[in-house]
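Only one structure is covered here, and it is reproduced in the block below.
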Amino acid sequence: MAEPPSLSSLRSLPRSLDPLEDESLPGYVLRLSHRLGVGPGPLILRMGIPSSRKDRTTLIRIPISCAISLSEADLDAFCHATRLSRQETAGLLLASLGTRYGPLSSDFRGSSSGTSRLQYNNPWLLTTRTQYCPDCLVGDGSEIQQRHGGAWRRLWRLPPVFSCPHHERFLRRYCHLCGELAQNRHSNDLIARPRDSDLHPARCRATPKPGNPRAVSPACGADLTQAPRGEEPMPRDHKSRDVLFTLQKKYLSFLSPEGPEQVSSIGWLTPTAQYFQDLRGVVALIFMTWPEARPHAATPALARIIDTEAERRHELFHRRGAQPRKNLRSTAYTDPPDDPVATGAVLEIADRFLRTPDEEAAAQFLVPLANEAKRTHQPLSYSLRSPRGASIPLRVVLAYSPRGKLRSRSDLIQAVSEGTATRATGHDSSGQSAPGRWAELPG
């Protein structure tokens, strides 16, 4: 492996940009490359990234790992080239969201969860694609954002972020004109068309298939800020929209750097990052046992949306059962939906189950799901009834089976957690707990 180039061999870029709020690294690179008039690929190469690359004259693709974290050498090179501080650069990377979001946290994914596992074995992190709000990409009206567009946000790569309450729009993943992923190809590329220097950051970078297989196709180039509102789901169902936008505001507050360090999950204080692991576990059970939880949908319209999504997942589960790699069957239920409204609809049910005041109340909702999962497919139900990285209260509720001397769920939680679990008292209607002692619930 080639030695990382020394900073003395790299020059700072002639111009740079200040990062926008919650901007992602690929979004920042797109804006900066547009300002400098070079493609994002050559720009990354000029920065000396990745430092391990032997051939520094060409760049086939920008590694997805660059969106998650950078090596020390690459971090130094990026800061040197852009004249950003290490703190500013770290703020562009997804890894820094791990203190808030469990699927990005090694504490709840396991000690061996490096960047490669976050990248390739993490359906609850959008690495090869991103979502976007058309109105956010317009920018705030400032001169710099009028020229280069608004921020491609880091939070858009987290499935629980499915809408933009500020503009009251559901996030999109696909271009409204060509129907392809707007910023990425269906491959391990962080940014599609890395050598294309003509595309504005808010333009679609997809390459439609040419009629002539030998022809070189231009990018779609559609203005993503012009995606029509009329094509959005549920344009007239105001009650469903209000429910989902309210839920989204809550999640955005949880993911904010100023948000709570712990929240209530089944009546117990839980690290905010671990709460999102609890959500993952409950969502998988809801899909596997649907329509068991159908009566709990917030509105009939949202129930019908989950009907369609669950039917697709049941078919996928049975289809994969006939394939050699049957271990993939569980992903039919554990992966998040591709559709933003379906994502919000199922998360809303899961959130209400976790918002119950104690484990006995939660059991009324969750135990029927656990029992139905055992009846549906007992081997798979074992892992779904003990979600990886979930809190002790959730795992106790899903797997509770008293033996010998009868013991309550509450006593069992206290015993298993060795006295570290603390009840959430005085939590408000959003599920956020009042100030209290930190509860370190082992993952």
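Following the order of the structure tokens, chains are lettered A, B, ..., residues in each are numbered from 1, and ligands are numbered from 1.
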
Q: Based on DSSP run over this structure's backbone, return all residues of region 85-224 of chain A in strand (DSSP E), as a ChimeraX atom specification.
A: /A:163-164,169-170

Per residue of region 108-222 of chain A within 8 Å of region 343-367 of chain A, what are the shortest atom pair and its distance in Å to one decimal, counting only C-alpha atoms, with rows by chain and residue number, as CSV?
```
residue,atom,partner,partner_atom,distance
A:Pro159,CA,A:Thr343,CA,7.4
A:Pro160,CA,A:Thr343,CA,7.2
A:Phe162,CA,A:Gly344,CA,6.5
```

Q: Using DSSP on the backbone coordinates, identify the residues of region 225-377 of chain A assigned to helix (DSSP H, G or I); present them as a PyMOL selection string.
A: chain A and resi 225-226+229-231+238-255+272-289+294-296+300-321+326-328+331-334+340-354+359-376

Q. With only C-alpha atoms as the atoms that count, which of A:Leu45, A:Met288, A:Ala342, A:Leu70 lies nearest to Leu171 (chain A)?
A. A:Ala342

(Q) Please list as a ChimeraX atom specification every residue within 7 Å of region 15-32 of chain A, counting only C-alpha atoms and excluding residues in the same chain fewer than 6 positions away. (A) /A:40,67,82,92-93,148,151-154,191,201

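Taking CA of Gln146 (chain A) as the reference point, CA of Tyr251 (chain A) is found at 29.2 Å.
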
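Between CA of Leu380 (chain A) and CA of Leu285 (chain A) the interatomic distance comes to 10.5 Å.
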
When you look at region 385-393 of chain A with a cut-off of 9 Å (counting only C-alpha atoms), what residues show up, excluding the ones that are within fewer than 4 positions of it in the same chain? I need them as a short mmCIF file (atom, residue, chain, number, x, y, z; two decimals) with N, CA and C atoms, in the first residue's frame.
```cif
data_model
loop_
_atom_site.label_atom_id
_atom_site.label_comp_id
_atom_site.auth_asym_id
_atom_site.auth_seq_id
_atom_site.Cartn_x
_atom_site.Cartn_y
_atom_site.Cartn_z
N GLY A 102 -28.54 4.84 17.08
CA GLY A 102 -27.98 3.53 17.40
C GLY A 102 -27.36 2.77 16.24
N PRO A 103 -27.99 2.74 15.04
CA PRO A 103 -27.38 2.01 13.93
C PRO A 103 -26.01 2.53 13.51
N ASP A 107 -21.52 1.06 20.26
CA ASP A 107 -22.02 0.60 21.56
C ASP A 107 -23.22 -0.32 21.40
N PHE A 108 -24.00 -0.10 20.36
CA PHE A 108 -25.22 -0.88 20.19
C PHE A 108 -25.20 -1.78 18.97
N ARG A 109 -24.15 -1.69 18.16
CA ARG A 109 -24.00 -2.60 17.03
C ARG A 109 -22.93 -3.66 17.29
N GLY A 110 -22.18 -3.51 18.38
CA GLY A 110 -21.12 -4.46 18.68
C GLY A 110 -19.76 -3.82 18.53
N SER A 265 -38.35 4.70 27.02
CA SER A 265 -38.73 3.56 26.18
C SER A 265 -39.34 2.51 27.09
N ILE A 266 -40.62 2.27 26.94
CA ILE A 266 -41.37 1.35 27.79
C ILE A 266 -41.24 1.78 29.26
N GLY A 267 -41.24 3.09 29.49
CA GLY A 267 -41.26 3.59 30.85
C GLY A 267 -39.93 3.61 31.56
N TRP A 268 -38.84 3.30 30.84
CA TRP A 268 -37.50 3.30 31.45
C TRP A 268 -36.60 4.25 30.67
N THR A 270 -33.67 5.41 28.63
CA THR A 270 -32.85 4.69 27.67
C THR A 270 -32.02 5.69 26.88
N PRO A 271 -30.74 5.41 26.63
CA PRO A 271 -29.96 6.30 25.77
C PRO A 271 -30.68 6.55 24.45
N GLN A 274 -29.99 4.22 21.70
CA GLN A 274 -30.56 2.88 21.86
C GLN A 274 -32.05 2.87 21.60
N TYR A 275 -32.71 4.00 21.82
CA TYR A 275 -34.13 4.09 21.50
C TYR A 275 -34.38 3.76 20.03
N PHE A 276 -33.49 4.23 19.15
CA PHE A 276 -33.66 3.94 17.73
C PHE A 276 -33.43 2.46 17.43
N GLN A 277 -32.62 1.78 18.24
CA GLN A 277 -32.49 0.33 18.12
C GLN A 277 -33.79 -0.36 18.53
N ASP A 278 -34.43 0.16 19.57
CA ASP A 278 -35.73 -0.39 19.98
C ASP A 278 -36.75 -0.23 18.85
N LEU A 279 -36.73 0.93 18.21
CA LEU A 279 -37.65 1.15 17.08
C LEU A 279 -37.45 0.10 16.00
N ARG A 280 -36.19 -0.17 15.65
CA ARG A 280 -35.89 -1.17 14.62
C ARG A 280 -36.51 -2.52 14.97
N GLY A 281 -36.34 -2.92 16.24
CA GLY A 281 -36.85 -4.22 16.65
C GLY A 281 -38.36 -4.31 16.56
N VAL A 282 -39.05 -3.27 17.00
CA VAL A 282 -40.51 -3.29 16.98
C VAL A 282 -41.03 -3.23 15.55
N LEU A 285 -41.07 -6.67 14.00
CA LEU A 285 -42.17 -7.50 14.50
C LEU A 285 -43.50 -7.07 13.90
N GLU A 359 -43.74 -1.52 31.53
CA GLU A 359 -43.60 -2.77 30.77
C GLU A 359 -44.89 -3.57 30.72
N ALA A 370 -45.28 -10.85 19.58
CA ALA A 370 -44.26 -11.87 19.81
C ALA A 370 -44.85 -13.27 19.65
N ALA A 373 -45.47 -13.99 16.01
CA ALA A 373 -44.19 -14.26 15.33
C ALA A 373 -43.77 -15.70 15.54
N LEU A 380 -37.16 -17.82 13.13
CA LEU A 380 -36.88 -16.42 12.90
C LEU A 380 -37.33 -15.57 14.07
N SER A 381 -38.38 -15.98 14.75
CA SER A 381 -38.92 -15.17 15.84
C SER A 381 -37.93 -15.02 16.99
N VAL A 397 -39.73 -7.60 27.82
CA VAL A 397 -41.15 -7.66 27.46
C VAL A 397 -41.38 -8.69 26.35
N LEU A 398 -40.49 -8.71 25.35
CA LEU A 398 -40.69 -9.62 24.22
C LEU A 398 -40.39 -11.07 24.56
N ALA A 399 -39.50 -11.31 25.51
CA ALA A 399 -39.08 -12.69 25.80
C ALA A 399 -39.52 -13.17 27.17
N ARG A 409 -42.10 -8.48 35.50
CA ARG A 409 -41.20 -7.97 34.48
C ARG A 409 -40.30 -6.87 35.04
N SER A 410 -40.89 -6.01 35.89
CA SER A 410 -40.11 -4.93 36.47
C SER A 410 -38.95 -5.44 37.30
N ILE A 413 -36.25 -6.83 34.98
CA ILE A 413 -35.46 -5.78 34.36
C ILE A 413 -34.41 -5.26 35.32
N VAL A 416 -31.69 -8.08 35.76
CA VAL A 416 -30.83 -8.29 34.60
C VAL A 416 -29.89 -7.10 34.40
N SER A 417 -30.38 -5.90 34.67
CA SER A 417 -29.56 -4.71 34.44
C SER A 417 -28.68 -4.38 35.64
N ALA A 421 -30.79 0.24 35.69
CA ALA A 421 -31.97 0.75 35.00
C ALA A 421 -32.74 1.70 35.90
N LEU A 441 -28.19 1.15 30.08
CA LEU A 441 -28.76 -0.15 29.81
C LEU A 441 -27.85 -0.90 28.85
N PRO A 442 -27.25 -1.99 29.26
CA PRO A 442 -26.32 -2.70 28.38
C PRO A 442 -26.98 -3.10 27.08
N GLY A 443 -26.21 -2.99 25.99
CA GLY A 443 -26.72 -3.41 24.67
C GLY A 443 -26.62 -4.88 24.51
#
```

Q: Excluding Ala90 (chain A) and residues on its chain fewer than 4 positions from it, collect all residues at most 10 Å away from it, counting only C-alpha atoms, and give them as an MDAnalysis selection string.
A: chainID A and resid 24:25 68:70 75 79 84:86 94:97

Using N, CA and C atoms, can you export the residues from the last selection as a JSON list (two decimals), in the first residue's frame?
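Full text of again-v8.json as output:
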```json
[["chain", "number", "residue", "atom", "x", "y", "z"],
["A", 24, "SER", "N", -23.81, 17.10, 4.56],
["A", 24, "SER", "CA", -23.05, 15.85, 4.44],
["A", 24, "SER", "C", -21.77, 16.10, 3.65],
["A", 25, "LEU", "N", -20.81, 15.19, 3.78],
["A", 25, "LEU", "CA", -19.57, 15.35, 3.02],
["A", 25, "LEU", "C", -19.80, 15.30, 1.52],
["A", 68, "ILE", "N", -18.98, 8.27, 5.76],
["A", 68, "ILE", "CA", -19.13, 7.82, 7.14],
["A", 68, "ILE", "C", -18.00, 8.33, 8.02],
["A", 69, "SER", "N", -16.77, 8.05, 7.62],
["A", 69, "SER", "CA", -15.62, 8.49, 8.40],
["A", 69, "SER", "C", -14.40, 8.56, 7.48],
["A", 70, "LEU", "N", -13.38, 9.28, 7.93],
["A", 70, "LEU", "CA", -12.13, 9.39, 7.20],
["A", 70, "LEU", "C", -10.99, 8.93, 8.10],
["A", 75, "LEU", "N", -8.37, 12.75, 6.88],
["A", 75, "LEU", "CA", -8.95, 13.86, 7.61],
["A", 75, "LEU", "C", -8.01, 15.07, 7.58],
["A", 79, "CYS", "N", -8.86, 18.65, 5.66],
["A", 79, "CYS", "CA", -8.79, 19.92, 6.39],
["A", 79, "CYS", "C", -7.78, 20.86, 5.75],
["A", 84, "LEU", "N", -10.76, 23.83, 6.49],
["A", 84, "LEU", "CA", -11.75, 23.61, 7.54],
["A", 84, "LEU", "C", -11.06, 23.05, 8.77],
["A", 85, "SER", "N", -11.64, 23.24, 9.93],
["A", 85, "SER", "CA", -11.12, 22.65, 11.15],
["A", 85, "SER", "C", -11.51, 21.17, 11.21],
["A", 86, "ARG", "N", -10.84, 20.43, 12.07],
["A", 86, "ARG", "CA", -11.21, 19.01, 12.23],
["A", 86, "ARG", "C", -12.63, 18.89, 12.73],
["A", 94, "LEU", "N", -21.05, 11.03, 8.79],
["A", 94, "LEU", "CA", -22.16, 10.36, 9.45],
["A", 94, "LEU", "C", -21.77, 9.77, 10.80],
["A", 95, "ALA", "N", -20.50, 9.39, 10.95],
["A", 95, "ALA", "CA", -20.08, 8.72, 12.18],
["A", 95, "ALA", "C", -20.38, 9.55, 13.42],
["A", 96, "SER", "N", -20.32, 10.89, 13.30],
["A", 96, "SER", "CA", -20.54, 11.73, 14.46],
["A", 96, "SER", "C", -21.99, 11.72, 14.93],
["A", 97, "LEU", "N", -22.90, 11.14, 14.13],
["A", 97, "LEU", "CA", -24.29, 11.01, 14.55],
["A", 97, "LEU", "C", -24.51, 9.78, 15.43]]
```

Please produce, as a tab-separated table, a per-residue contact table for region 334-396 of chain A versus region 172-176 of chain A (criterion: any atom at most 12 Å away, only C-alpha atoms considered), showing the nearest atom pair and its distance in Å to one decimal, sorted by chain then residue number.
```
residue	atom	partner	partner_atom	distance
A:Asp338	CA	A:Arg173	CA	8.6
A:Asp339	CA	A:Arg172	CA	8.6
A:Pro340	CA	A:Arg172	CA	7.6
A:Val341	CA	A:Arg172	CA	10.4
```

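Going from CA of His318 (chain A) to CA of Asn371 (chain A) covers 19.7 Å.
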
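With only C-alpha atoms as the atoms that count, the minimum distance from Pro123 (chain A) to the choices A:Leu158, A:Ile44, A:Leu177, A:Leu137 is reached by A:Leu158.
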